[in-house]
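Here is the structure we will look at, set down as structure tokens.
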Amino acid sequence: MARSAGVLALATTASRVLGFIGAMLMAGLFGTTAQSQAFVVAFRLPNLLRDLVAEGAVTSAFVPVLSWYRAKASPEEFWKLTQALWTRASILLCGLGLLGSLAAPWLVRLIAPGFLADPEKFALTVRLTRILFPFITLVGLWAFFMGLLNSLRHFAVPALGSAVLNLATIAACVWWVPLTTPGILAVAMGVMIGGAMQLAMQVPVAMSRGFRFGWRWSHPGARDIVRLLGPRVIGSAVYQASVLMDTILASLGAIVGEGAVAALFFANRLVQLPLAVFGTASAQASLPTLSEHAAHRDMAAFRGTLIHVTRMVGFVILPSAVGLMVLAFPIVGGLFERGAFDHRATVMTAQALICYSIGLLAYAVSKVITGAFYAMHDTWTSVRLALEALSLNLVLCLLLMWPMKIAGLALAAALANSLNAFRLMRRLEQRLGQPLLAPVLAAFGRMLLASIGMGACCALLWYTLDGHLHALMRLLLVIGCGPPAYLLGCWLLRVEEWSRVTQWLRQFPLWRYFAPE
């Protein structure tokens with residue numbers, strides 16, 4: 001499982017680094033102007049639906065059932081099931097992509113009502129939505145193959161799909177934008193080309209493992225997945241509703257500040273780096289293992305794996321969150337402040353980044369715990385708790401957006417996610433009849449102390465070097481000194497996860513984690 005998480009982390013790191021390069025290019029080209037805001041809103045719905053009916057829903061519903069068939073049924077039944085799933089996914093996703101393109105004007109009115117006051121911005125957003133909405137078809141079919149290959153313990157090629165998508169976006173920004181008017185249309189076309197490329201990557205790998213295209217609708221396993229998928233879609237819809245709600249409220253520039261939609265987008269890109277590299281990768285890598293433990297009813301191993309994964313997630317996410325909060329303004333300014341991205345945009349984005357980072361650990365833990373419920377084929381518990389968190393998020397947004405503006409929207413999401421993670425953990429404790437929160441919080445406390453010490457060292461070094469180095473070089477030096485300071489704190493505080501990592505590194509050279517599977 002550690003090897004799988006390592007493969008996912010490496011591929012995700014490559015993807016996120018390329019994504020940052022693309023975001024930096026977009027920030028320099030478009031800043032928080034109308035073109036940038038139109039793209040963010042137009043891409044919001046395909047991105048929301050990507051998680052709603054694609055990545056998260058497909059993997060969490062597909063992988064437990066596919067893992068069960070792989071462990072208990074014959075290979076012939078396993079591949080018949082994949083054909084039935086392919087047939088259903090193709091029909092659903094093609095219809096969804098077509099419907100979204102046709103309904104673009106009404107969708108934009110729904111998610112960005114503030115754009116109606118600017119007819120040019122509204123018309124551009126509708127045009128971009130028509131181009132980008134079929135992205136859900138491409139990425140949904142890619143997610144089908146990702147779920148299939150993950151159930152076969154193959155993680156590398158599916159994880160590299162996002163890197164290919166980001167490469168296409170970078171190429172569009174560099175070569176196509178100067179030749180297109182308005183330039184943001186070139187970025188949208190680059191996204192669509194990247195989506196087609198990342199889907200095409202998965203097909204040969206799946207066929208080499210035994211998959212064959214064929215028309216098959218009925219299969220008992222497909223019905224089981226549909227039963228699991230319904231609640232999972234609802235659960236994803238609850239989370240995506242909170243993102244959509246933030247977009248709607250951020251479009252009200254008179255209240256939260258003009259350009260808030262784009263500022264939230266750039267802040268979220270920064271938060272997603274540690275979350276995707278470590279939190280999501282760990283949750284995704286542990287799902288097949290947890291599913292197999294649940295299938296064999298080995299709940300002692302299930303609990304041990306869950307505690308181990310959760311603590312390892314905290315070992316990396318906590319210092320990442322503290323680092324993002326302490327260095328928010330230097331990071332945003334160093335990465336994005338150029339061209340059309342001015343100092344005002346830096347301030348807005350950094351404020352949102354600080355508040356988002358408060359809930360970073362909670363969101364990462366929620367992904368792991370939610371995956372544990374799905375491994376036990378319990379999909380409704382997390383849905384009910386997510387609905388309560390959504391209600392709290394809305395109330396907090398309405399209370400905080402006037403006094404705190406854009407920071408209030410980000411802080412509301414962080415607080416709601418924190419409550420949701422706590423309640424998920426407590427509910428799973430009740431389900432297993434064994435403590436989970438106590439062993440996790442004890443480790444998190446020592447990690448937090450080490451992270452705070454690291455943050456203090458980084459802040460002191462940043463201000464000490466003021467005026468002695470170029471800002472970007474100073475930022476790189478401070479970030480480079482962060483991990484050693486954190487690891488020293490972990491060693492002094494005897495954090496168990498640090499000892500475990502060093503044992504892994506001594507026992508398994510790094511190259512073995514990424515050798516062919």
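We name chains A, B, ... following the order of the structure tokens; residues begin at 1 in each chain, and ligands are numbered from 1 as shown.
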Between stretch 264-362 of chain A and stretch 475-494 of chain A, at 8 Å or less, what are the per-residue closest atom pairs and their distances in Å? Count only C-alpha atoms, order by chain and rising residue number, and return it as JSON lines.
```
{"residue": "A:Pro319", "atom": "CA", "partner": "A:Tyr486", "partner_atom": "CA", "distance": 7.2}
{"residue": "A:Gly323", "atom": "CA", "partner": "A:Gly482", "partner_atom": "CA", "distance": 7.8}
{"residue": "A:Pro330", "atom": "CA", "partner": "A:Leu475", "partner_atom": "CA", "distance": 6.8}
{"residue": "A:Ile331", "atom": "CA", "partner": "A:Leu475", "partner_atom": "CA", "distance": 7.2}
{"residue": "A:Gly334", "atom": "CA", "partner": "A:Leu475", "partner_atom": "CA", "distance": 7.7}
```
Find the spatial neighbours of A:Phe78, counting only C-alpha atoms, within a cut-off of 8 Å - ignore same-chain residues fewer than 4 positions away - and output them as a list in words.
Leu66, Tyr69, Arg70, Ala73, Ser74 and Thr82 of chain A
Proximity to A:Gly433 - best of A:Met299, A:Ala23, A:Lys367, A:Ala14, only C-alpha atoms:
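Selected residue with least distance to A:Gly433: A:Met299.
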